[in-house]
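**Student:** Next up, query10.tsv (TSV, C-alpha atoms).
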```
chain	number	residue	atom	x	y	z
Z	14	MET	CA	0.00	0.00	0.00
Z	15	VAL	CA	1.07	3.62	-0.46
Z	16	GLU	CA	3.59	4.96	2.05
Z	17	ILE	CA	5.13	8.45	1.79
Z	18	THR	CA	8.32	9.35	3.65
Z	19	ASN	CA	11.28	11.76	3.55
Z	20	VAL	CA	9.12	14.78	2.69
Z	21	LYS	CA	10.94	18.05	2.00
Z	22	VAL	CA	9.27	21.43	1.32
Z	23	TYR	CA	11.19	24.24	-0.39
Z	24	ASP	CA	10.64	27.99	-0.95
Z	25	LEU	CA	7.37	28.25	0.95
Z	26	THR	CA	8.29	31.56	2.60
Z	27	GLU	CA	9.68	33.06	-0.60
Z	28	SER	CA	6.66	32.02	-2.69
Z	29	VAL	CA	4.15	33.39	-0.20
Z	30	ILE	CA	6.01	36.71	-0.11
Z	31	ALA	CA	6.16	36.76	-3.92
Z	32	SER	CA	2.37	36.36	-4.08
Z	33	ARG	CA	2.14	40.15	-3.47
Z	34	ASN	CA	4.47	41.04	-6.36
Z	35	ALA	CA	1.63	42.24	-8.60
Z	36	MET	CA	0.97	45.07	-6.17
Z	37	ARG	CA	4.62	46.07	-5.64
Z	38	LEU	CA	6.76	48.72	-7.29
Z	39	THR	CA	10.08	47.26	-6.06
Z	40	PRO	CA	11.28	43.71	-5.36
Z	41	PRO	CA	10.43	42.40	-1.88
Z	42	GLU	CA	12.60	41.72	1.11
Z	43	TYR	CA	12.31	38.08	2.15
Z	44	THR	CA	11.77	38.64	5.85
Z	45	GLU	CA	9.43	37.25	8.49
Z	46	GLU	CA	7.63	40.59	8.55
Z	47	GLU	CA	7.00	40.42	4.80
Z	48	PHE	CA	5.76	36.84	5.17
Z	49	GLU	CA	3.23	37.92	7.78
Z	50	LYS	CA	2.02	40.74	5.53
Z	51	ALA	CA	1.76	38.51	2.45
Z	52	PHE	CA	0.11	35.48	4.03
Z	53	PRO	CA	-3.51	36.81	4.11
Z	54	ARG	CA	-3.27	37.69	0.42
Z	55	ALA	CA	-1.76	34.27	-0.35
Z	56	MET	CA	-4.72	32.58	1.35
Z	57	GLN	CA	-7.17	34.60	-0.74
Z	58	LEU	CA	-5.30	33.80	-3.96
Z	59	ALA	CA	-5.17	30.12	-3.07
Z	60	LYS	CA	-8.96	30.04	-2.79
Z	61	CYS	CA	-9.21	31.09	-6.46
Z	62	GLY	CA	-7.94	27.65	-7.40
Z	63	GLY	CA	-5.85	26.25	-10.23
Z	64	GLY	CA	-6.60	27.50	-13.71
Z	65	SER	CA	-7.43	31.02	-12.57
Z	66	GLY	CA	-3.81	32.14	-12.63
Z	67	HIS	CA	-4.21	33.81	-9.25
Z	68	SER	CA	-2.85	30.84	-7.31
Z	69	ASN	CA	0.28	30.43	-9.44
Z	70	PHE	CA	2.51	31.37	-6.50
Z	71	ARG	CA	1.84	27.84	-5.20
Z	72	LYS	CA	3.94	26.44	-8.05
Z	73	GLY	CA	6.97	27.89	-6.29
Z	74	ILE	CA	6.33	25.86	-3.14
Z	75	ARG	CA	8.11	22.69	-4.15
Z	76	VAL	CA	7.69	19.34	-2.44
Z	77	SER	CA	9.87	16.25	-2.79
Z	78	PHE	CA	9.08	12.87	-1.24
Z	79	ASP	CA	9.71	9.14	-1.36
Z	80	ILE	CA	6.72	6.95	-2.14
Z	81	LYS	CA	6.24	3.20	-1.97
Z	82	TYR	CA	3.30	2.18	-4.13
Z	83	PRO	CA	1.51	-0.76	-5.79
Z	84	GLN	CA	1.71	-0.89	-9.59
Z	85	TYR	CA	-1.95	-0.03	-10.05
Z	86	PHE	CA	-1.33	3.36	-8.41
Z	87	THR	CA	1.13	4.92	-10.86
Z	88	PRO	CA	-1.05	5.20	-14.00
Z	89	GLU	CA	-3.27	7.59	-12.03
Z	90	LEU	CA	-0.36	9.44	-10.44
Z	91	GLN	CA	1.46	9.98	-13.73
Z	92	ARG	CA	-1.46	11.82	-15.32
Z	93	TYR	CA	-0.41	14.93	-13.39
Z	94	GLY	CA	1.77	17.16	-15.53
Z	95	PHE	CA	3.65	18.87	-12.72
Z	96	LEU	CA	4.72	15.78	-10.83
Z	97	ASP	CA	8.17	14.52	-11.79
Z	98	ILE	CA	9.69	11.16	-11.00
Z	99	VAL	CA	13.23	11.87	-9.79
Z	100	THR	CA	14.25	8.22	-9.94
Z	101	SER	CA	12.58	4.91	-9.19
Z	102	SER	CA	13.14	1.26	-8.47
Z	103	SER	CA	13.05	-0.93	-11.57
Z	104	LYS	CA	10.78	-3.87	-12.16
Z	105	MET	CA	12.65	-4.57	-15.39
Z	106	HIS	CA	15.98	-4.90	-13.59
Z	107	ARG	CA	14.99	-6.38	-10.24
Z	108	LEU	CA	11.82	-8.44	-10.70
Z	109	ILE	CA	13.61	-11.79	-10.88
Z	110	LYS	CA	15.51	-11.00	-7.66
Z	111	MET	CA	12.59	-9.74	-5.54
Z	112	ASP	CA	11.24	-11.50	-2.47
Z	113	LEU	CA	7.69	-11.71	-3.74
Z	114	ASP	CA	6.25	-12.53	-0.30
Z	115	VAL	CA	7.51	-9.12	0.85
Z	116	ALA	CA	7.17	-7.12	-2.37
Z	117	CYS	CA	3.46	-7.86	-2.94
Z	118	ASN	CA	0.78	-6.08	-0.95
Z	119	LYS	CA	-1.75	-7.83	1.28
Z	120	TYR	CA	-4.35	-8.18	-1.47
Z	121	VAL	CA	-2.24	-10.38	-3.74
Z	122	THR	CA	-3.32	-13.98	-3.19
Z	123	ARG	CA	-0.94	-16.75	-2.20
Z	124	GLY	CA	-1.87	-18.55	-5.40
Z	125	MET	CA	-0.77	-15.59	-7.51
Z	126	ILE	CA	2.51	-15.32	-5.61
Z	127	HIS	CA	3.08	-19.06	-6.01
Z	128	GLU	CA	2.56	-18.78	-9.79
Z	129	MET	CA	4.92	-15.82	-10.03
Z	130	LYS	CA	7.57	-17.66	-8.07
Z	131	ALA	CA	7.32	-20.53	-10.56
Z	132	HIS	CA	7.88	-18.16	-13.50
Z	133	VAL	CA	10.83	-16.51	-11.75
Z	134	ALA	CA	12.32	-19.89	-10.82
Z	135	TYR	CA	12.13	-21.06	-14.43
Z	136	TYR	CA	13.85	-17.89	-15.62
Z	137	ASN	CA	16.64	-18.34	-13.08
Z	138	LYS	CA	17.00	-22.01	-13.93
Z	139	ILE	CA	17.60	-21.15	-17.59
Z	140	ASN	CA	19.89	-18.23	-16.72
Z	141	ASN	CA	22.06	-20.33	-14.40
Z	142	ASP	CA	22.26	-23.38	-16.67
Z	143	ASP	CA	25.75	-23.43	-18.22
Z	144	ASN	CA	24.75	-26.47	-20.25
Z	145	PHE	CA	21.44	-25.16	-21.51
Z	146	LYS	CA	19.89	-27.29	-24.28
Z	147	TYR	CA	16.16	-26.72	-24.43
Z	148	ALA	CA	13.21	-24.75	-23.02
Z	149	GLU	CA	9.47	-24.86	-23.66
Z	150	PHE	CA	6.71	-22.35	-23.00
Z	151	VAL	CA	2.93	-22.66	-23.31
Z	152	LEU	CA	1.05	-19.42	-23.98
Z	153	ARG	CA	-2.55	-18.64	-23.05
Z	154	ASP	CA	-4.03	-19.65	-26.41
Z	155	GLY	CA	-2.21	-22.99	-26.29
Z	156	GLU	CA	0.66	-21.94	-28.54
Z	157	ARG	CA	3.80	-23.87	-27.64
Z	158	ILE	CA	7.20	-22.25	-28.02
Z	159	CYS	CA	10.22	-24.54	-28.05
Z	160	THR	CA	13.75	-23.21	-28.36
Z	161	THR	CA	17.34	-24.36	-28.07
Z	162	ASP	CA	18.63	-20.77	-28.04
Z	163	LYS	CA	19.38	-19.66	-24.48
Z	164	ASN	CA	18.94	-15.93	-25.15
Z	165	GLU	CA	15.60	-16.59	-26.81
Z	166	ALA	CA	14.56	-18.78	-23.89
Z	167	LEU	CA	15.51	-16.05	-21.42
Z	168	TYR	CA	13.41	-13.56	-23.37
Z	169	TYR	CA	10.30	-15.74	-23.27
Z	170	ALA	CA	10.89	-16.62	-19.61
Z	171	PHE	CA	11.16	-12.95	-18.71
Z	172	MET	CA	8.04	-12.09	-20.70
Z	173	MET	CA	6.17	-14.73	-18.69
Z	174	CYS	CA	7.43	-13.09	-15.49
Z	175	VAL	CA	6.66	-9.47	-16.37
Z	176	SER	CA	3.32	-10.22	-18.08
Z	177	ASN	CA	1.97	-12.17	-15.12
Z	178	CYS	CA	3.31	-9.83	-12.46
Z	179	PRO	CA	0.46	-8.83	-10.09
Z	180	MET	CA	-0.60	-5.17	-9.96
Z	181	GLY	CA	-0.18	-5.39	-6.19
Z	182	LEU	CA	3.60	-5.64	-6.54
Z	183	GLU	CA	5.06	-2.68	-4.65
Z	184	LEU	CA	7.85	-0.49	-5.99
Z	185	PHE	CA	9.30	2.83	-4.79
Z	186	MET	CA	10.48	6.16	-6.19
Z	187	ARG	CA	11.28	9.75	-5.30
Z	188	CYS	CA	9.01	12.44	-6.73
Z	189	SER	CA	8.97	16.22	-6.96
Z	190	THR	CA	5.87	18.41	-7.27
Z	191	ASN	CA	4.43	21.65	-5.91
Z	192	TYR	CA	1.52	23.02	-3.88
Z	193	GLU	CA	-0.46	24.03	-6.98
Z	194	GLN	CA	-0.43	20.46	-8.30
Z	195	LEU	CA	-1.11	19.00	-4.87
Z	196	ALA	CA	-4.21	21.19	-4.60
Z	197	THR	CA	-5.49	19.64	-7.84
Z	198	ILE	CA	-4.63	16.13	-6.65
Z	199	TYR	CA	-6.34	16.71	-3.31
Z	200	ARG	CA	-9.53	17.93	-4.96
Z	201	GLN	CA	-9.61	15.04	-7.44
Z	202	ARG	CA	-8.53	12.17	-5.17
Z	203	LEU	CA	-10.00	12.96	-1.75
Z	204	HIS	CA	-12.98	10.66	-2.36
Z	205	HIS	CA	-11.27	8.17	-4.66
Z	206	LYS	CA	-12.34	4.52	-4.46
Z	207	LEU	CA	-8.78	3.49	-3.53
Z	208	LYS	CA	-9.41	4.52	0.06
Z	209	GLU	CA	-6.19	3.25	1.60
Z	210	ASP	CA	-3.93	4.67	-1.09
Z	211	TRP	CA	-5.39	7.95	-2.36
Z	212	GLN	CA	-7.76	8.98	0.43
Z	213	LYS	CA	-5.79	7.99	3.52
Z	214	ALA	CA	-2.11	7.81	2.56
Z	215	PHE	CA	-1.90	10.56	-0.06
Z	216	CYS	CA	-4.59	13.06	0.90
Z	217	HIS	CA	-5.00	12.71	4.67
Z	218	ASP	CA	-1.60	11.51	5.86
Z	219	PHE	CA	0.57	13.37	3.33
Z	220	ILE	CA	-1.08	16.49	1.89
Z	221	GLU	CA	-3.04	17.51	4.98
Z	222	ASN	CA	0.14	17.44	7.07
Z	223	LEU	CA	2.22	19.69	4.83
Z	224	PRO	CA	3.05	23.17	6.21
Z	225	TYR	CA	0.07	25.54	5.88
Z	226	ALA	CA	-1.83	22.89	3.90
Z	227	LYS	CA	-5.16	24.01	5.34
Z	228	GLU	CA	-4.65	27.61	4.26
Z	229	LEU	CA	-2.79	27.17	0.94
Z	230	ILE	CA	-3.87	23.77	-0.47
Z	231	ILE	CA	-7.22	22.73	0.99
Z	232	CYS	CA	-8.67	26.20	1.60
Z	233	LYS	CA	-12.08	24.88	2.71
Z	234	ASP	CA	-12.36	26.65	6.03
Z	235	ASN	CA	-11.29	30.01	4.68
Z	236	GLU	CA	-14.44	30.61	2.66
```
Transcribe the structure of this file into structure tokens.

**Tutor:**
Amino acid sequence: MVEITNVKVYDLTESVIASRNAMRLTPPEYTEEEFEKAFPRAMQLAKCGGGSGHSNFRKGIRVSFDIKYPQYFTPELQRYGFLDIVTSSSKMHRLIKMDLDVACNKYVTRGMIHEMKAHVAYYNKINNDDNFKYAEFVLRDGERICTTDKNEALYYAFMMCVSNCPMGLELFMRCSTNYEQLATIYRQRLHHKLKEDWQKAFCHDFIENLPYAKELIICKDNE
């Protein structure tokens, strides 16, 4: 399930102060006093919401974090244009070395894990066989593939592994985004059907606990 750790927030003070730039004649001083003066205006601008242009100062409040996630989570996360993946773990590189009992979330059945272990074991058997002679694969439609070429056998064995990998396999990555994008995510995902992942872990546990989240991201109680 989704877990978010190592959260860092950058340029919050500077971005809030800069939210008053449209009304200034000279560049601001980035002081605590200026922050206090700018914060009420920043709250009002934040209530205008994304797309209005008024809340653009939130783009300057950058957030980086580590996230552990099941595979079914990322297609929805990656739709957001201002969320960058810094770097991630690799299913392509590490799948055949994973401890599947640990790497799969609680909703993956033992039967599915058992089947995946069999595919991984067959791949490793071929890979470690210095005297390889023959391998056979049966596809879903009954097609049988027989080969005496070790590289070809490794390809088909890996395709069996990656194609049958459960969506509940958990990977991890570091991401970077900003308060403007998180406001959009919060609005769109707060009542998502993936309650443990989007509602609890991402919206409640992560976004709601960011500095000044209530005033600058959620904005509900400032109406």

**Student:** Any idea what's packed within 12 Å of Arg187 of chain Z, counting all atoms listed in the file, ignoring anything in its chain fewer than 5 positions away? Could you give it as a list in words?

**Tutor:**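 Near neighbours after the sequence-gap exclusion: Glu16, Ile17, Thr18, Asn19, Val20, Lys21, Val76, Ser77, Phe78, Asp79, Ile80, Lys81, Tyr82, Leu96, Asp97, Ile98, Val99, Thr100, Ser101 and Ser102 of chain Z.
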
**Student:** Using all atoms listed in the file, which of the listed residues (Z:Tyr147, Z:Phe171, Z:Phe86, Z:Tyr43) sits closest to Val15 of chain Z?

**Tutor:**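 Nearest to Val15 of chain Z: Z:Phe86.
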
**Student:** Leaving out Met14 of chain Z and any residue of its chain fewer than 4 positions from it, which residues lie within 10 Å of it when counting all atoms listed in the file, given as a PyMOL selection string?

**Tutor:** chain Z and resi 80-84+86+117-120+181-184+209-211+214

**Student:** Could you work out how far atom CA of Met111 of chain Z lies from atom CA of Glu156 of chain Z, giving the answer in Å with one decimal?

**Tutor:**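 Interatomic distance here is 28.6 Å.
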
**Student:** Please work out which residues fall within 12 Å of (-10.9, 25.2, 1.8), coordinates as given in the file, with all atoms listed in the file counting, and return them as a ChimeraX atom specification.

**Tutor:** /Z:56-62,196,199-200,221,225-236

**Student:** Between atom CA of Asn144 of chain Z and atom CA of Lys104 of chain Z, what is the distance in Å, rounded to a tenth?

**Tutor:**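 Interatomic distance here is 27.8 Å.
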
**Student:** Taking 2 positions as the minimum chain separation for residues in the same chain, which residues sit within 10 Å of segment 128-130 of chain Z when counting only C-alpha atoms? Answer as a list in words.

**Tutor:**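 Final neighbour list, sorted by chain and number: Ile109, Met111, Asp112, Leu113, Asp114, Arg123, Gly124, Met125, Ile126, His132, Val133, Ala134, Tyr135, Tyr136, Met173, Cys174, Val175, Ser176, Asn177, Cys178 and Pro179 of chain Z.
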
**Student:** Find the residues with any atom within 12 Å of (4.9, 43.2, -3.1); use only C-alpha atoms and the coordinates as given in the file, and write the answer as a compact mmCIF listing (two decimals) with C-alpha atoms, in the coordinates of the input.

**Tutor:**
```txt
# COMPACT_ATOMS: atom_id res chain seq x y z
CA GLU Z 27 9.68 33.06 -0.60
CA SER Z 28 6.66 32.02 -2.69
CA VAL Z 29 4.15 33.39 -0.20
CA ILE Z 30 6.01 36.71 -0.11
CA ALA Z 31 6.16 36.76 -3.92
CA SER Z 32 2.37 36.36 -4.08
CA ARG Z 33 2.14 40.15 -3.47
CA ASN Z 34 4.47 41.04 -6.36
CA ALA Z 35 1.63 42.24 -8.60
CA MET Z 36 0.97 45.07 -6.17
CA ARG Z 37 4.62 46.07 -5.64
CA LEU Z 38 6.76 48.72 -7.29
CA THR Z 39 10.08 47.26 -6.06
CA PRO Z 40 11.28 43.71 -5.36
CA PRO Z 41 10.43 42.40 -1.88
CA GLU Z 42 12.60 41.72 1.11
CA TYR Z 43 12.31 38.08 2.15
CA GLU Z 47 7.00 40.42 4.80
CA PHE Z 48 5.76 36.84 5.17
CA LYS Z 50 2.02 40.74 5.53
CA ALA Z 51 1.76 38.51 2.45
CA PHE Z 52 0.11 35.48 4.03
CA ARG Z 54 -3.27 37.69 0.42
CA ALA Z 55 -1.76 34.27 -0.35
```

**Student:** Take atom CA of Asn140 of chain Z and atom CA of Tyr169 of chain Z and report the distance between them in Å, one decimal.

**Tutor:**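 Distance reported for this atom pair: 11.9 Å.
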
**Student:** From the block I gave, I'd like segment 54-96 of chain Z written with N, CA and C atoms, as a PDB file, in the first residue's frame.

**Tutor:**
```pdb
ATOM      1  N   ARG Z  54      -3.023  37.618   1.859  1.00  0.00           N
ATOM      2  CA  ARG Z  54      -3.271  37.688   0.417  1.00  0.00           C
ATOM      3  C   ARG Z  54      -3.058  36.324  -0.230  1.00  0.00           C
ATOM      4  N   ALA Z  55      -2.022  35.605   0.194  1.00  0.00           N
ATOM      5  CA  ALA Z  55      -1.758  34.270  -0.354  1.00  0.00           C
ATOM      6  C   ALA Z  55      -2.943  33.342  -0.120  1.00  0.00           C
ATOM      7  N   MET Z  56      -3.549  33.412   1.055  1.00  0.00           N
ATOM      8  CA  MET Z  56      -4.719  32.579   1.345  1.00  0.00           C
ATOM      9  C   MET Z  56      -5.873  32.915   0.406  1.00  0.00           C
ATOM     10  N   GLN Z  57      -6.090  34.206   0.156  1.00  0.00           N
ATOM     11  CA  GLN Z  57      -7.172  34.604  -0.742  1.00  0.00           C
ATOM     12  C   GLN Z  57      -6.906  34.141  -2.167  1.00  0.00           C
ATOM     13  N   LEU Z  58      -5.665  34.257  -2.613  1.00  0.00           N
ATOM     14  CA  LEU Z  58      -5.304  33.804  -3.958  1.00  0.00           C
ATOM     15  C   LEU Z  58      -5.440  32.292  -4.089  1.00  0.00           C
ATOM     16  N   ALA Z  59      -5.082  31.581  -3.039  1.00  0.00           N
ATOM     17  CA  ALA Z  59      -5.166  30.116  -3.069  1.00  0.00           C
ATOM     18  C   ALA Z  59      -6.601  29.658  -3.242  1.00  0.00           C
ATOM     19  N   LYS Z  60      -7.546  30.411  -2.677  1.00  0.00           N
ATOM     20  CA  LYS Z  60      -8.962  30.042  -2.795  1.00  0.00           C
ATOM     21  C   LYS Z  60      -9.478  30.176  -4.224  1.00  0.00           C
ATOM     22  N   CYS Z  61      -8.775  30.938  -5.065  1.00  0.00           N
ATOM     23  CA  CYS Z  61      -9.212  31.092  -6.461  1.00  0.00           C
ATOM     24  C   CYS Z  61      -9.035  29.796  -7.241  1.00  0.00           C
ATOM     25  N   GLY Z  62      -8.098  28.967  -6.797  1.00  0.00           N
ATOM     26  CA  GLY Z  62      -7.936  27.648  -7.396  1.00  0.00           C
ATOM     27  C   GLY Z  62      -7.103  27.642  -8.658  1.00  0.00           C
ATOM     28  N   GLY Z  63      -6.638  26.431  -9.024  1.00  0.00           N
ATOM     29  CA  GLY Z  63      -5.850  26.250 -10.228  1.00  0.00           C
ATOM     30  C   GLY Z  63      -6.645  26.594 -11.467  1.00  0.00           C
ATOM     31  N   GLY Z  64      -5.946  27.116 -12.469  1.00  0.00           N
ATOM     32  CA  GLY Z  64      -6.604  27.503 -13.708  1.00  0.00           C
ATOM     33  C   GLY Z  64      -6.967  28.967 -13.756  1.00  0.00           C
ATOM     34  N   SER Z  65      -7.079  29.593 -12.605  1.00  0.00           N
ATOM     35  CA  SER Z  65      -7.430  31.018 -12.570  1.00  0.00           C
ATOM     36  C   SER Z  65      -6.217  31.900 -12.826  1.00  0.00           C
ATOM     37  N   GLY Z  66      -5.033  31.360 -12.542  1.00  0.00           N
ATOM     38  CA  GLY Z  66      -3.806  32.142 -12.634  1.00  0.00           C
ATOM     39  C   GLY Z  66      -3.456  32.842 -11.346  1.00  0.00           C
ATOM     40  N   HIS Z  67      -4.449  33.068 -10.490  1.00  0.00           N
ATOM     41  CA  HIS Z  67      -4.205  33.810  -9.248  1.00  0.00           C
ATOM     42  C   HIS Z  67      -3.417  32.993  -8.225  1.00  0.00           C
ATOM     43  N   SER Z  68      -3.522  31.684  -8.299  1.00  0.00           N
ATOM     44  CA  SER Z  68      -2.846  30.838  -7.306  1.00  0.00           C
ATOM     45  C   SER Z  68      -1.503  30.317  -7.794  1.00  0.00           C
ATOM     46  N   ASN Z  69      -0.970  30.928  -8.858  1.00  0.00           N
ATOM     47  CA  ASN Z  69       0.277  30.435  -9.437  1.00  0.00           C
ATOM     48  C   ASN Z  69       1.459  30.466  -8.479  1.00  0.00           C
ATOM     49  N   PHE Z  70       1.395  31.324  -7.459  1.00  0.00           N
ATOM     50  CA  PHE Z  70       2.506  31.370  -6.500  1.00  0.00           C
ATOM     51  C   PHE Z  70       2.742  30.016  -5.855  1.00  0.00           C
ATOM     52  N   ARG Z  71       1.690  29.173  -5.818  1.00  0.00           N
ATOM     53  CA  ARG Z  71       1.837  27.842  -5.197  1.00  0.00           C
ATOM     54  C   ARG Z  71       2.788  26.946  -5.981  1.00  0.00           C
ATOM     55  N   LYS Z  72       2.995  27.238  -7.262  1.00  0.00           N
ATOM     56  CA  LYS Z  72       3.945  26.444  -8.049  1.00  0.00           C
ATOM     57  C   LYS Z  72       5.358  26.567  -7.511  1.00  0.00           C
ATOM     58  N   GLY Z  73       5.636  27.694  -6.846  1.00  0.00           N
ATOM     59  CA  GLY Z  73       6.969  27.894  -6.287  1.00  0.00           C
ATOM     60  C   GLY Z  73       7.225  27.139  -5.002  1.00  0.00           C
ATOM     61  N   ILE Z  74       6.158  26.634  -4.378  1.00  0.00           N
ATOM     62  CA  ILE Z  74       6.326  25.865  -3.137  1.00  0.00           C
ATOM     63  C   ILE Z  74       6.521  24.414  -3.547  1.00  0.00           C
ATOM     64  N   ARG Z  75       7.760  24.007  -3.615  1.00  0.00           N
ATOM     65  CA  ARG Z  75       8.110  22.694  -4.154  1.00  0.00           C
ATOM     66  C   ARG Z  75       8.167  21.638  -3.050  1.00  0.00           C
ATOM     67  N   VAL Z  76       7.738  20.452  -3.396  1.00  0.00           N
ATOM     68  CA  VAL Z  76       7.685  19.338  -2.442  1.00  0.00           C
ATOM     69  C   VAL Z  76       8.329  18.113  -3.071  1.00  0.00           C
ATOM     70  N   SER Z  77       9.264  17.506  -2.359  1.00  0.00           N
ATOM     71  CA  SER Z  77       9.866  16.246  -2.786  1.00  0.00           C
ATOM     72  C   SER Z  77       9.594  15.183  -1.739  1.00  0.00           C
ATOM     73  N   PHE Z  78       9.416  13.942  -2.186  1.00  0.00           N
ATOM     74  CA  PHE Z  78       9.080  12.872  -1.244  1.00  0.00           C
ATOM     75  C   PHE Z  78       9.397  11.511  -1.845  1.00  0.00           C
ATOM     76  N   ASP Z  79       9.596  10.543  -0.963  1.00  0.00           N
ATOM     77  CA  ASP Z  79       9.710   9.141  -1.361  1.00  0.00           C
ATOM     78  C   ASP Z  79       8.337   8.500  -1.236  1.00  0.00           C
ATOM     79  N   ILE Z  80       8.002   7.640  -2.196  1.00  0.00           N
ATOM     80  CA  ILE Z  80       6.718   6.949  -2.141  1.00  0.00           C
ATOM     81  C   ILE Z  80       6.897   5.481  -2.485  1.00  0.00           C
ATOM     82  N   LYS Z  81       6.357   4.625  -1.652  1.00  0.00           N
ATOM     83  CA  LYS Z  81       6.235   3.202  -1.972  1.00  0.00           C
ATOM     84  C   LYS Z  81       4.801   2.987  -2.432  1.00  0.00           C
ATOM     85  N   TYR Z  82       4.617   2.243  -3.516  1.00  0.00           N
ATOM     86  CA  TYR Z  82       3.295   2.184  -4.129  1.00  0.00           C
ATOM     87  C   TYR Z  82       3.085   0.848  -4.850  1.00  0.00           C
ATOM     88  N   PRO Z  83       1.834   0.393  -4.946  1.00  0.00           N
ATOM     89  CA  PRO Z  83       1.514  -0.761  -5.786  1.00  0.00           C
ATOM     90  C   PRO Z  83       1.424  -0.318  -7.240  1.00  0.00           C
ATOM     91  N   GLN Z  84       1.650  -1.253  -8.169  1.00  0.00           N
ATOM     92  CA  GLN Z  84       1.706  -0.892  -9.591  1.00  0.00           C
ATOM     93  C   GLN Z  84       0.428  -0.234 -10.105  1.00  0.00           C
ATOM     94  N   TYR Z  85      -0.709  -0.601  -9.540  1.00  0.00           N
ATOM     95  CA  TYR Z  85      -1.954  -0.029 -10.046  1.00  0.00           C
ATOM     96  C   TYR Z  85      -2.086   1.453  -9.719  1.00  0.00           C
ATOM     97  N   PHE Z  86      -1.232   1.982  -8.852  1.00  0.00           N
ATOM     98  CA  PHE Z  86      -1.326   3.362  -8.409  1.00  0.00           C
ATOM     99  C   PHE Z  86      -0.709   4.342  -9.405  1.00  0.00           C
ATOM    100  N   THR Z  87       0.383   3.955 -10.052  1.00  0.00           N
ATOM    101  CA  THR Z  87       1.133   4.923 -10.862  1.00  0.00           C
ATOM    102  C   THR Z  87       0.426   5.407 -12.118  1.00  0.00           C
ATOM    103  N   PRO Z  88      -0.386   4.612 -12.831  1.00  0.00           N
ATOM    104  CA  PRO Z  88      -1.054   5.199 -14.000  1.00  0.00           C
ATOM    105  C   PRO Z  88      -1.886   6.425 -13.645  1.00  0.00           C
ATOM    106  N   GLU Z  89      -2.484   6.440 -12.462  1.00  0.00           N
ATOM    107  CA  GLU Z  89      -3.275   7.592 -12.029  1.00  0.00           C
ATOM    108  C   GLU Z  89      -2.385   8.737 -11.561  1.00  0.00           C
ATOM    109  N   LEU Z  90      -1.274   8.405 -10.922  1.00  0.00           N
ATOM    110  CA  LEU Z  90      -0.361   9.443 -10.441  1.00  0.00           C
ATOM    111  C   LEU Z  90       0.328  10.157 -11.600  1.00  0.00           C
ATOM    112  N   GLN Z  91       0.673   9.409 -12.636  1.00  0.00           N
ATOM    113  CA  GLN Z  91       1.463   9.975 -13.726  1.00  0.00           C
ATOM    114  C   GLN Z  91       0.640  10.836 -14.682  1.00  0.00           C
ATOM    115  N   ARG Z  92      -0.648  10.935 -14.474  1.00  0.00           N
ATOM    116  CA  ARG Z  92      -1.456  11.818 -15.322  1.00  0.00           C
ATOM    117  C   ARG Z  92      -1.208  13.279 -14.991  1.00  0.00           C
ATOM    118  N   TYR Z  93      -0.599  13.544 -13.823  1.00  0.00           N
ATOM    119  CA  TYR Z  93      -0.407  14.932 -13.392  1.00  0.00           C
ATOM    120  C   TYR Z  93       0.861  15.510 -14.020  1.00  0.00           C
ATOM    121  N   GLY Z  94       0.691  16.615 -14.733  1.00  0.00           N
ATOM    122  CA  GLY Z  94       1.774  17.160 -15.533  1.00  0.00           C
ATOM    123  C   GLY Z  94       2.883  17.832 -14.751  1.00  0.00           C
ATOM    124  N   PHE Z  95       2.628  18.189 -13.504  1.00  0.00           N
ATOM    125  CA  PHE Z  95       3.648  18.868 -12.717  1.00  0.00           C
ATOM    126  C   PHE Z  95       4.133  18.008 -11.562  1.00  0.00           C
ATOM    127  N   LEU Z  96       4.148  16.712 -11.789  1.00  0.00           N
ATOM    128  CA  LEU Z  96       4.724  15.779 -10.831  1.00  0.00           C
ATOM    129  C   LEU Z  96       5.802  14.990 -11.556  1.00  0.00           C
TER     130      LEU Z  96
END
```
